[in-house]
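Structure file entry_34.txt with compact mmCIF, N, CA and C atoms:
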# COMPACT_ATOMS: atom_id res chain seq x y z
N MET A 1 0.84 -1.18 0.00
CA MET A 1 0.00 0.00 0.00
C MET A 1 0.89 1.24 0.00
N VAL A 2 0.61 2.16 -0.88
CA VAL A 2 1.38 3.39 -0.99
C VAL A 2 0.63 4.49 -0.24
N ARG A 3 1.33 5.15 0.67
CA ARG A 3 0.70 6.22 1.46
C ARG A 3 1.46 7.52 1.27
N GLY A 4 0.84 8.60 1.68
CA GLY A 4 1.54 9.88 1.78
C GLY A 4 1.92 10.51 0.46
N LYS A 5 1.06 10.51 -0.52
CA LYS A 5 1.38 11.13 -1.81
C LYS A 5 1.48 12.65 -1.64
N GLN A 6 2.55 13.23 -2.20
CA GLN A 6 2.78 14.67 -2.14
C GLN A 6 3.05 15.20 -3.54
N SER A 7 2.36 16.26 -3.91
CA SER A 7 2.62 16.95 -5.17
C SER A 7 3.36 18.24 -4.85
N LEU A 8 4.41 18.49 -5.60
CA LEU A 8 5.15 19.72 -5.40
C LEU A 8 5.83 20.15 -6.69
N ARG A 9 6.16 21.42 -6.74
CA ARG A 9 6.86 21.99 -7.89
C ARG A 9 8.21 22.50 -7.42
N VAL A 10 9.25 22.17 -8.18
CA VAL A 10 10.60 22.65 -7.93
C VAL A 10 10.97 23.57 -9.08
N GLU A 11 11.45 24.77 -8.77
CA GLU A 11 11.88 25.72 -9.79
C GLU A 11 13.32 26.12 -9.53
N CYS A 12 14.07 26.26 -10.60
CA CYS A 12 15.45 26.75 -10.52
C CYS A 12 15.57 27.91 -11.50
N ALA A 13 15.80 29.10 -10.94
CA ALA A 13 15.87 30.33 -11.75
C ALA A 13 17.15 31.07 -11.40
N PRO A 14 18.27 30.68 -12.01
CA PRO A 14 19.54 31.33 -11.67
C PRO A 14 19.58 32.79 -12.12
N ALA A 15 20.33 33.57 -11.39
CA ALA A 15 20.51 35.00 -11.71
C ALA A 15 22.01 35.26 -11.73
N PHE A 16 22.57 35.42 -12.92
CA PHE A 16 24.02 35.58 -13.07
C PHE A 16 24.44 37.01 -12.79
N HIS A 17 25.57 37.14 -12.12
CA HIS A 17 26.15 38.44 -11.78
C HIS A 17 25.11 39.36 -11.14
N TYR A 18 24.55 38.86 -10.02
CA TYR A 18 23.56 39.63 -9.26
C TYR A 18 22.36 40.04 -10.12
N ALA A 19 21.96 39.14 -11.02
CA ALA A 19 20.80 39.32 -11.89
C ALA A 19 20.97 40.44 -12.91
N LEU A 20 22.21 40.78 -13.23
CA LEU A 20 22.47 41.81 -14.24
C LEU A 20 22.75 41.22 -15.62
N HIS A 21 23.28 39.97 -15.66
CA HIS A 21 23.67 39.37 -16.94
C HIS A 21 22.61 38.39 -17.44
N GLU A 22 22.45 38.36 -18.74
CA GLU A 22 21.56 37.39 -19.37
C GLU A 22 22.23 36.02 -19.42
N HIS A 23 21.41 34.98 -19.57
CA HIS A 23 21.96 33.63 -19.72
C HIS A 23 21.07 32.83 -20.67
N ARG A 24 21.65 31.75 -21.19
CA ARG A 24 20.96 30.82 -22.07
C ARG A 24 20.67 29.54 -21.27
N THR A 25 19.53 28.94 -21.53
CA THR A 25 19.12 27.72 -20.83
C THR A 25 18.80 26.65 -21.86
N SER A 26 19.29 25.44 -21.61
CA SER A 26 18.96 24.33 -22.51
C SER A 26 18.86 23.04 -21.71
N LEU A 27 18.13 22.10 -22.24
CA LEU A 27 18.06 20.76 -21.68
C LEU A 27 18.91 19.85 -22.56
N VAL A 28 19.85 19.16 -21.94
CA VAL A 28 20.77 18.30 -22.69
C VAL A 28 20.78 16.91 -22.05
N SER A 29 21.15 15.91 -22.83
CA SER A 29 21.26 14.55 -22.30
C SER A 29 22.33 14.50 -21.23
N ASP A 30 22.03 13.79 -20.17
CA ASP A 30 23.01 13.61 -19.10
C ASP A 30 23.66 12.25 -19.29
N ASP A 31 24.72 12.23 -20.09
CA ASP A 31 25.40 10.98 -20.39
C ASP A 31 26.42 10.59 -19.32
N THR A 32 26.43 11.30 -18.20
CA THR A 32 27.34 10.95 -17.10
C THR A 32 26.70 9.91 -16.18
N ILE A 33 25.43 9.59 -16.41
CA ILE A 33 24.76 8.60 -15.57
C ILE A 33 24.76 7.28 -16.31
N PRO A 34 25.43 6.26 -15.74
CA PRO A 34 25.47 4.96 -16.42
C PRO A 34 24.10 4.32 -16.43
N THR A 35 23.82 3.52 -17.45
CA THR A 35 22.55 2.82 -17.54
C THR A 35 22.77 1.38 -17.12
N ASN A 36 22.61 1.13 -15.82
CA ASN A 36 22.75 -0.22 -15.26
C ASN A 36 21.37 -0.75 -14.92
N GLY A 37 20.97 -1.82 -15.56
CA GLY A 37 19.71 -2.46 -15.21
C GLY A 37 18.50 -1.85 -15.90
N GLU A 38 17.35 -2.44 -15.61
CA GLU A 38 16.10 -2.05 -16.27
C GLU A 38 15.58 -0.71 -15.80
N ASN A 39 15.85 -0.33 -14.55
CA ASN A 39 15.29 0.90 -14.00
C ASN A 39 16.12 2.14 -14.29
N ALA A 40 17.23 1.97 -14.99
CA ALA A 40 18.11 3.11 -15.26
C ALA A 40 17.47 4.03 -16.29
N PRO A 41 17.71 5.33 -16.16
CA PRO A 41 17.13 6.26 -17.13
C PRO A 41 17.76 6.10 -18.50
N ASP A 42 16.94 6.06 -19.53
CA ASP A 42 17.45 5.91 -20.89
C ASP A 42 18.00 7.23 -21.42
N LYS A 43 17.23 8.29 -21.27
CA LYS A 43 17.61 9.58 -21.81
C LYS A 43 17.39 10.66 -20.77
N GLN A 44 18.01 10.50 -19.63
CA GLN A 44 17.84 11.49 -18.58
C GLN A 44 18.43 12.82 -19.02
N LYS A 45 17.77 13.90 -18.69
CA LYS A 45 18.20 15.24 -19.08
C LYS A 45 18.76 15.98 -17.88
N ARG A 46 19.61 16.95 -18.19
CA ARG A 46 20.08 17.90 -17.19
C ARG A 46 19.92 19.29 -17.81
N ALA A 47 19.80 20.28 -16.98
CA ALA A 47 19.66 21.66 -17.47
C ALA A 47 21.03 22.30 -17.51
N LEU A 48 21.27 23.08 -18.53
CA LEU A 48 22.52 23.80 -18.68
C LEU A 48 22.21 25.29 -18.75
N PHE A 49 22.81 26.04 -17.83
CA PHE A 49 22.65 27.49 -17.78
C PHE A 49 23.99 28.11 -18.16
N GLU A 50 24.02 28.95 -19.19
CA GLU A 50 25.28 29.52 -19.67
C GLU A 50 25.17 31.03 -19.82
N SER A 51 26.11 31.73 -19.18
CA SER A 51 26.26 33.16 -19.42
C SER A 51 27.61 33.33 -20.11
N ASP A 52 27.99 34.56 -20.40
CA ASP A 52 29.28 34.79 -21.05
C ASP A 52 30.44 34.41 -20.14
N GLU A 53 30.23 34.45 -18.84
CA GLU A 53 31.34 34.22 -17.89
C GLU A 53 31.23 32.95 -17.08
N LEU A 54 30.06 32.32 -17.05
CA LEU A 54 29.87 31.18 -16.15
C LEU A 54 28.91 30.18 -16.76
N THR A 55 29.18 28.90 -16.52
CA THR A 55 28.28 27.82 -16.90
C THR A 55 27.92 27.03 -15.65
N MET A 56 26.64 26.72 -15.50
CA MET A 56 26.17 25.89 -14.39
C MET A 56 25.25 24.82 -14.95
N ASP A 57 25.17 23.69 -14.26
CA ASP A 57 24.19 22.70 -14.67
C ASP A 57 23.38 22.24 -13.47
N LEU A 58 22.18 21.81 -13.77
CA LEU A 58 21.26 21.28 -12.77
C LEU A 58 20.98 19.84 -13.15
N ARG A 59 21.30 18.95 -12.25
CA ARG A 59 21.06 17.53 -12.50
C ARG A 59 20.35 16.94 -11.30
N PHE A 60 19.92 15.73 -11.42
CA PHE A 60 19.17 15.11 -10.33
C PHE A 60 19.40 13.61 -10.28
N ILE A 61 19.12 13.06 -9.12
CA ILE A 61 19.09 11.62 -8.92
C ILE A 61 17.70 11.30 -8.38
N ALA A 62 16.99 10.40 -9.03
CA ALA A 62 15.68 9.96 -8.58
C ALA A 62 15.79 8.51 -8.17
N GLU A 63 15.35 8.22 -6.95
CA GLU A 63 15.47 6.85 -6.45
C GLU A 63 14.38 6.55 -5.44
N SER A 64 14.28 5.29 -5.09
CA SER A 64 13.38 4.86 -4.04
C SER A 64 14.20 4.24 -2.93
N VAL A 65 13.84 4.54 -1.71
CA VAL A 65 14.55 3.97 -0.56
C VAL A 65 13.71 2.91 0.15
N VAL A 66 12.58 2.52 -0.47
CA VAL A 66 11.68 1.52 0.09
C VAL A 66 11.46 0.43 -0.95
N ASP A 67 11.64 -0.82 -0.55
CA ASP A 67 11.40 -1.94 -1.46
C ASP A 67 9.97 -1.92 -1.96
N GLY A 68 9.79 -2.19 -3.24
CA GLY A 68 8.47 -2.26 -3.84
C GLY A 68 7.92 -0.92 -4.29
N VAL A 69 8.63 0.16 -4.02
CA VAL A 69 8.21 1.48 -4.46
C VAL A 69 9.12 1.89 -5.62
N PRO A 70 8.54 2.22 -6.78
CA PRO A 70 9.38 2.57 -7.93
C PRO A 70 10.04 3.94 -7.74
N SER A 71 11.12 4.15 -8.46
CA SER A 71 11.76 5.47 -8.46
C SER A 71 10.79 6.47 -9.08
N PRO A 72 10.80 7.71 -8.61
CA PRO A 72 9.87 8.70 -9.16
C PRO A 72 10.25 9.11 -10.58
N SER A 73 9.25 9.54 -11.31
CA SER A 73 9.45 10.07 -12.65
C SER A 73 9.77 11.55 -12.54
N VAL A 74 10.85 11.99 -13.21
CA VAL A 74 11.27 13.38 -13.15
C VAL A 74 11.49 13.86 -14.58
N GLU A 75 10.78 14.92 -14.95
CA GLU A 75 10.95 15.49 -16.29
C GLU A 75 11.16 17.00 -16.16
N LEU A 76 12.39 17.43 -16.40
CA LEU A 76 12.70 18.85 -16.35
C LEU A 76 12.01 19.56 -17.50
N GLN A 77 11.50 20.77 -17.23
CA GLN A 77 10.82 21.56 -18.25
C GLN A 77 11.32 23.00 -18.21
N ILE A 78 11.33 23.63 -19.37
CA ILE A 78 11.70 25.04 -19.46
C ILE A 78 10.58 25.89 -18.84
N LEU A 79 10.96 26.89 -18.06
CA LEU A 79 10.02 27.80 -17.41
C LEU A 79 10.40 29.23 -17.79
N ASP A 80 9.48 29.97 -18.36
CA ASP A 80 9.76 31.35 -18.79
C ASP A 80 9.29 32.33 -17.72
N LEU A 81 10.24 32.88 -16.99
CA LEU A 81 9.95 33.90 -15.97
C LEU A 81 10.45 35.28 -16.43
N THR A 82 10.76 35.42 -17.72
CA THR A 82 11.24 36.71 -18.21
C THR A 82 10.21 37.83 -18.06
N PRO A 83 8.90 37.55 -18.14
CA PRO A 83 7.95 38.64 -17.89
C PRO A 83 8.04 39.21 -16.46
N GLN A 84 8.58 38.40 -15.53
CA GLN A 84 8.77 38.87 -14.15
C GLN A 84 10.13 39.52 -13.95
N GLY A 85 10.90 39.70 -15.03
CA GLY A 85 12.17 40.39 -14.94
C GLY A 85 13.41 39.51 -14.96
N HIS A 86 13.25 38.20 -15.07
CA HIS A 86 14.41 37.32 -15.13
C HIS A 86 15.15 37.51 -16.45
N LYS A 87 16.46 37.34 -16.44
CA LYS A 87 17.31 37.61 -17.62
C LYS A 87 17.54 36.39 -18.49
N GLY A 88 16.88 35.30 -18.18
CA GLY A 88 17.00 34.08 -18.97
C GLY A 88 15.95 33.09 -18.54
N LEU A 89 15.83 32.01 -19.29
CA LEU A 89 14.84 30.99 -18.98
C LEU A 89 15.24 30.20 -17.74
N SER A 90 14.25 29.65 -17.08
CA SER A 90 14.44 28.86 -15.86
C SER A 90 14.02 27.42 -16.14
N ILE A 91 14.08 26.60 -15.10
CA ILE A 91 13.71 25.20 -15.19
C ILE A 91 12.71 24.90 -14.07
N CYS A 92 11.75 24.03 -14.37
CA CYS A 92 10.84 23.58 -13.32
C CYS A 92 10.58 22.09 -13.51
N VAL A 93 10.08 21.48 -12.45
CA VAL A 93 9.65 20.09 -12.51
C VAL A 93 8.50 19.93 -11.53
N ASP A 94 7.45 19.27 -11.97
CA ASP A 94 6.31 18.95 -11.12
C ASP A 94 6.45 17.50 -10.68
N LEU A 95 6.48 17.28 -9.38
CA LEU A 95 6.70 15.95 -8.83
C LEU A 95 5.47 15.47 -8.09
N ASP A 96 5.15 14.22 -8.27
CA ASP A 96 4.14 13.53 -7.47
C ASP A 96 4.87 12.40 -6.77
N LEU A 97 5.25 12.64 -5.53
CA LEU A 97 6.06 11.68 -4.78
C LEU A 97 5.20 10.90 -3.79
N VAL A 98 5.56 9.65 -3.61
CA VAL A 98 4.93 8.83 -2.58
C VAL A 98 6.00 8.46 -1.56
N GLU A 99 5.57 7.96 -0.44
CA GLU A 99 6.47 7.59 0.63
C GLU A 99 7.56 6.66 0.11
N GLY A 100 8.81 7.01 0.38
CA GLY A 100 9.94 6.19 -0.04
C GLY A 100 10.65 6.71 -1.28
N GLN A 101 10.03 7.64 -2.01
CA GLN A 101 10.67 8.20 -3.21
C GLN A 101 11.49 9.43 -2.83
N VAL A 102 12.66 9.54 -3.46
CA VAL A 102 13.58 10.64 -3.16
C VAL A 102 14.10 11.21 -4.47
N VAL A 103 14.15 12.55 -4.54
CA VAL A 103 14.78 13.21 -5.67
C VAL A 103 15.78 14.21 -5.09
N THR A 104 17.03 14.09 -5.50
CA THR A 104 18.09 14.99 -5.05
C THR A 104 18.54 15.83 -6.24
N PHE A 105 18.49 17.14 -6.08
CA PHE A 105 18.92 18.05 -7.13
C PHE A 105 20.29 18.62 -6.79
N VAL A 106 21.12 18.79 -7.81
CA VAL A 106 22.45 19.36 -7.63
C VAL A 106 22.63 20.47 -8.66
N LEU A 107 22.87 21.69 -8.18
CA LEU A 107 23.20 22.82 -9.05
C LEU A 107 24.68 23.09 -8.85
N ARG A 108 25.44 23.03 -9.93
CA ARG A 108 26.89 23.14 -9.77
C ARG A 108 27.53 23.79 -10.99
N THR A 109 28.76 24.18 -10.81
CA THR A 109 29.61 24.58 -11.92
C THR A 109 30.29 23.30 -12.40
N PRO A 110 29.96 22.82 -13.59
CA PRO A 110 30.53 21.54 -14.03
C PRO A 110 32.03 21.66 -14.29
N PRO A 111 32.75 20.57 -14.08
CA PRO A 111 34.19 20.60 -14.38
C PRO A 111 34.41 20.75 -15.87
N LYS A 112 35.50 21.38 -16.21
CA LYS A 112 35.86 21.53 -17.62
C LYS A 112 36.49 20.20 -18.05
N ALA A 113 35.76 19.47 -18.87
CA ALA A 113 36.25 18.16 -19.30
C ALA A 113 35.64 17.83 -20.65
N THR A 114 36.25 16.89 -21.31
CA THR A 114 35.71 16.45 -22.58
C THR A 114 34.64 15.40 -22.34
N LYS A 115 33.79 15.21 -23.31
CA LYS A 115 32.70 14.26 -23.19
C LYS A 115 33.23 12.84 -22.93
N GLU A 116 34.38 12.51 -23.51
CA GLU A 116 34.94 11.18 -23.36
C GLU A 116 35.32 10.87 -21.91
N GLN A 117 35.63 11.91 -21.14
CA GLN A 117 36.02 11.68 -19.75
C GLN A 117 34.84 11.29 -18.88
N TYR A 118 33.61 11.49 -19.36
CA TYR A 118 32.43 11.22 -18.56
C TYR A 118 31.56 10.15 -19.17
N ASN A 119 32.12 8.98 -19.38
CA ASN A 119 31.28 7.88 -19.79
C ASN A 119 31.29 6.82 -18.69
N ALA A 120 30.36 5.93 -18.74
CA ALA A 120 30.18 4.96 -17.66
C ALA A 120 31.40 4.06 -17.50
N GLU A 121 32.05 3.70 -18.59
CA GLU A 121 33.20 2.79 -18.49
C GLU A 121 34.36 3.45 -17.76
N SER A 122 34.69 4.70 -18.10
CA SER A 122 35.79 5.36 -17.40
C SER A 122 35.42 5.63 -15.94
N ALA A 123 34.14 5.90 -15.67
CA ALA A 123 33.72 6.10 -14.28
C ALA A 123 33.89 4.80 -13.50
N LYS A 124 33.55 3.68 -14.12
CA LYS A 124 33.71 2.38 -13.45
C LYS A 124 35.18 2.11 -13.13
N GLU A 125 36.07 2.44 -14.06
CA GLU A 125 37.50 2.27 -13.81
C GLU A 125 37.97 3.15 -12.65
N GLN A 126 37.48 4.40 -12.60
CA GLN A 126 37.85 5.29 -11.50
C GLN A 126 37.34 4.75 -10.17
N PHE A 127 36.13 4.20 -10.15
CA PHE A 127 35.58 3.63 -8.92
C PHE A 127 36.43 2.45 -8.46
N GLU A 128 36.84 1.60 -9.42
CA GLU A 128 37.66 0.44 -9.07
C GLU A 128 39.01 0.87 -8.51
N GLN A 129 39.61 1.90 -9.08
CA GLN A 129 40.89 2.41 -8.56
C GLN A 129 40.75 2.92 -7.14
N LEU A 130 39.61 3.53 -6.84
CA LEU A 130 39.36 4.06 -5.50
C LEU A 130 38.76 3.03 -4.56
N ARG A 131 38.53 1.81 -5.08
CA ARG A 131 37.93 0.72 -4.32
C ARG A 131 36.57 1.09 -3.75
N VAL A 132 35.75 1.70 -4.60
CA VAL A 132 34.39 2.11 -4.25
C VAL A 132 33.43 1.26 -5.07
N SER A 133 32.33 0.83 -4.45
CA SER A 133 31.34 0.00 -5.14
C SER A 133 30.70 0.77 -6.28
N PHE A 134 30.50 0.08 -7.40
CA PHE A 134 29.87 0.67 -8.58
C PHE A 134 28.48 0.07 -8.78
N ASP A 135 27.86 -0.43 -7.71
CA ASP A 135 26.58 -1.12 -7.81
C ASP A 135 25.38 -0.20 -7.87
N ARG A 136 25.57 1.10 -7.65
CA ARG A 136 24.46 2.04 -7.67
C ARG A 136 24.00 2.27 -9.09
N GLU A 137 22.78 2.74 -9.27
CA GLU A 137 22.22 3.00 -10.59
C GLU A 137 22.50 4.42 -11.04
N PHE A 138 23.30 5.16 -10.31
CA PHE A 138 23.55 6.55 -10.69
C PHE A 138 24.97 6.93 -10.34
N LEU A 139 25.39 8.02 -10.93
CA LEU A 139 26.72 8.55 -10.70
C LEU A 139 26.65 10.06 -10.84
N LEU A 140 27.14 10.79 -9.86
CA LEU A 140 27.17 12.25 -9.97
C LEU A 140 28.41 12.67 -10.68
Please go through the file and, once you have read it, give me the structure as structure tokens.
Amino acid sequence: MVRGKQSLRVECAPAFHYALHEHRTSLVSDDTIPTNGENAPDKQKRALFESDELTMDLRFIAESVVDGVPSPSVELQILDLTPQGHKGLSICVDLDLVEGQVVTFVLRTPPKATKEQYNAESAKEQFEQLRVSFDREFLL
């Protein structure tokens, strides 16, 4: 039995250089998350916010911490708050969570790296070198 359903909206509206600079927003494939097993995301997206001086990305991990409860569905969407004075597009997601479902969002300045450095195979090798388990369905 699933109890405690909660609906909520998460919005991310960055403001670069104290909200003085414009920025570009796009949704791109998050190929840094390995696809292990049937429940792994096929085409998970992350948001990319770019100004002339700074790039940030918003990514997430969706999981369940209770047996028998599926991981939540998360679909990032473009949100236009420019009529309210924002200098670029934002991101939102509407979530319907039940007990045991968890979504963790990370807004960060991504490392400067080539696409080849962020594939599941090289991540697995790095985990093995550090003697860390690679059994999780996600990788930040």
Open item on the list: To one decimal place in Å, what is the distance between atom CA of Cys12 of chain A and atom CA of Leu54 of chain A?
Closed with: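 According to the coordinates, atom CA of Cys12 of chain A and atom CA of Leu54 of chain A are separated by 16.1 Å.
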TODO: Extract, using all atoms listed in the file, all DNA, RNA and protein residues at most 7 Å from Arg108 of chain A, discarding same-chain residues fewer than 2 positions from it, and format them as a PyMOL selection string.
DONE: chain A and resi 55-59+106+110-111
Could you please take those selected residues and save N, CA and C atoms as a compact mmCIF listing (two decimals), keeping the file's coordinate frame?
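This went into part.txt:
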# COMPACT_ATOMS: atom_id res chain seq x y z
N THR A 55 29.18 28.90 -16.52
CA THR A 55 28.28 27.82 -16.90
C THR A 55 27.92 27.03 -15.65
N MET A 56 26.64 26.72 -15.50
CA MET A 56 26.17 25.89 -14.39
C MET A 56 25.25 24.82 -14.95
N ASP A 57 25.17 23.69 -14.26
CA ASP A 57 24.19 22.70 -14.67
C ASP A 57 23.38 22.24 -13.47
N LEU A 58 22.18 21.81 -13.77
CA LEU A 58 21.26 21.28 -12.77
C LEU A 58 20.98 19.84 -13.15
N ARG A 59 21.30 18.95 -12.25
CA ARG A 59 21.06 17.53 -12.50
C ARG A 59 20.35 16.94 -11.30
N VAL A 106 21.12 18.79 -7.81
CA VAL A 106 22.45 19.36 -7.63
C VAL A 106 22.63 20.47 -8.66
N PRO A 110 29.96 22.82 -13.59
CA PRO A 110 30.53 21.54 -14.03
C PRO A 110 32.03 21.66 -14.29
N PRO A 111 32.75 20.57 -14.08
CA PRO A 111 34.19 20.60 -14.38
C PRO A 111 34.41 20.75 -15.87
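Interatomic distance, atom CA of Gly88 of chain A against atom CA of Gln6 of chain A: 29.4 Å.
Reported to one decimal place, the separation of atom CA of Val69 of chain A from atom CA of Thr104 of chain A is 16.7 Å.
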All residues 6 Å or closer to Val65 of chain A, all atoms listed in the file, same chain fewer than 6 positions away omitted, as an mmCIF file with N, CA and C atoms, in the coordinates of the input:
data_model
loop_
_atom_site.group_PDB
_atom_site.id
_atom_site.type_symbol
_atom_site.label_atom_id
_atom_site.label_comp_id
_atom_site.auth_asym_id
_atom_site.auth_seq_id
_atom_site.Cartn_x
_atom_site.Cartn_y
_atom_site.Cartn_z
ATOM 1 N N GLY A 100 8.810 7.010 0.380
ATOM 2 C CA GLY A 100 9.940 6.190 -0.040
ATOM 3 C C GLY A 100 10.650 6.710 -1.280
ATOM 4 N N GLN A 101 10.030 7.640 -2.010
ATOM 5 C CA GLN A 101 10.670 8.200 -3.210
ATOM 6 C C GLN A 101 11.490 9.430 -2.830
ATOM 7 N N VAL A 102 12.660 9.540 -3.460
ATOM 8 C CA VAL A 102 13.580 10.640 -3.160
ATOM 9 C C VAL A 102 14.100 11.210 -4.470
#
Given 5 Å on each side, where is the centre and what are the edge lengths in Å to one decimal of the axis-aligned box enclosing the listed atoms of segment 64-75 of chain A, as AutoDock Vina command-line options?
--center_x 11.2 --center_y 7.4 --center_z -8.1 --size_x 16.6 --size_y 29.3 --size_z 26.4
TODO: Compile the contact shell of Cys92 of chain A as a list in words: residues with an atom at most 7 Å away, counting only C-alpha atoms, same-chain residues fewer than 5 positions apart removed.
DONE: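 Selected residues are Arg9, Val10, Glu11, Cys12, Leu76, Gln77, Ile78 and Leu79 of chain A.
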Open item on the list: Considering only C-alpha atoms, can you say which of A:Ala19, A:Val98, A:Leu107, A:Val28 comes closest to Ser64 of chain A?
Closed with: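 Smallest distance to Ser64 of chain A is found for A:Val98.
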Open item on the list: Residues within 12 Å of Tyr18 of chain A, please, as a list in words. Count only C-alpha atoms; anything in the same chain fewer than 4 positions from it doesn't count.
Closed with: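 Contacts, in chain order: Pro14, Glu22, His86 and Lys87 of chain A.
Proximity to Lys5 of chain A was assessed for A:Phe105, A:Ser90, A:Asp96, A:Lys124 counting all atoms listed in the file; the smallest distance is recorded for A:Asp96.
The smallest atom-to-atom distance between Phe49 of chain A and any of A:Ala13, A:Leu8, A:Thr25, A:Ile61, using all atoms listed in the file, is found for A:Thr25.
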Task: DSSP helix (DSSP H, G or I) residues within segment 1-125 of chain A, listed as a PyMOL selection string - done: chain A and resi 82-84+115-118+120-125
Generate the coordinates of N, CA, C and O atoms for segment 82-95 of chain A; report them as a short mmCIF file (atom, residue, chain, number, x, y, z; two decimals), in the coordinates of the input.
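Output contents, as saved in selection20.cif:
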data_model
loop_
_atom_site.label_atom_id
_atom_site.label_comp_id
_atom_site.auth_asym_id
_atom_site.auth_seq_id
_atom_site.Cartn_x
_atom_site.Cartn_y
_atom_site.Cartn_z
N THR A 82 10.76 35.42 -17.72
CA THR A 82 11.24 36.71 -18.21
C THR A 82 10.21 37.83 -18.06
O THR A 82 10.61 38.97 -17.82
N PRO A 83 8.90 37.55 -18.14
CA PRO A 83 7.95 38.64 -17.89
C PRO A 83 8.04 39.21 -16.46
O PRO A 83 7.66 40.34 -16.21
N GLN A 84 8.58 38.40 -15.53
CA GLN A 84 8.77 38.87 -14.15
C GLN A 84 10.13 39.52 -13.95
O GLN A 84 10.51 39.83 -12.83
N GLY A 85 10.90 39.70 -15.03
CA GLY A 85 12.17 40.39 -14.94
C GLY A 85 13.41 39.51 -14.96
O GLY A 85 14.52 40.01 -14.89
N HIS A 86 13.25 38.20 -15.07
CA HIS A 86 14.41 37.32 -15.13
C HIS A 86 15.15 37.51 -16.45
O HIS A 86 14.54 37.79 -17.48
N LYS A 87 16.46 37.34 -16.44
CA LYS A 87 17.31 37.61 -17.62
C LYS A 87 17.54 36.39 -18.49
O LYS A 87 18.35 36.42 -19.40
N GLY A 88 16.88 35.30 -18.18
CA GLY A 88 17.00 34.08 -18.97
C GLY A 88 15.95 33.09 -18.54
O GLY A 88 15.24 33.30 -17.55
N LEU A 89 15.83 32.01 -19.29
CA LEU A 89 14.84 30.99 -18.98
C LEU A 89 15.24 30.20 -17.74
O LEU A 89 16.42 30.07 -17.42
N SER A 90 14.25 29.65 -17.08
CA SER A 90 14.44 28.86 -15.86
C SER A 90 14.02 27.42 -16.14
O SER A 90 13.62 27.07 -17.24
N ILE A 91 14.08 26.60 -15.10
CA ILE A 91 13.71 25.20 -15.19
C ILE A 91 12.71 24.90 -14.07
O ILE A 91 12.82 25.43 -12.97
N CYS A 92 11.75 24.03 -14.37
CA CYS A 92 10.84 23.58 -13.32
C CYS A 92 10.58 22.09 -13.51
O CYS A 92 10.83 21.52 -14.58
N VAL A 93 10.08 21.48 -12.45
CA VAL A 93 9.65 20.09 -12.51
C VAL A 93 8.50 19.93 -11.53
O VAL A 93 8.54 20.46 -10.42
N ASP A 94 7.45 19.27 -11.97
CA ASP A 94 6.31 18.95 -11.12
C ASP A 94 6.45 17.50 -10.68
O ASP A 94 6.55 16.60 -11.52
N LEU A 95 6.48 17.28 -9.38
CA LEU A 95 6.70 15.95 -8.83
C LEU A 95 5.47 15.47 -8.09
O LEU A 95 4.84 16.24 -7.35
#
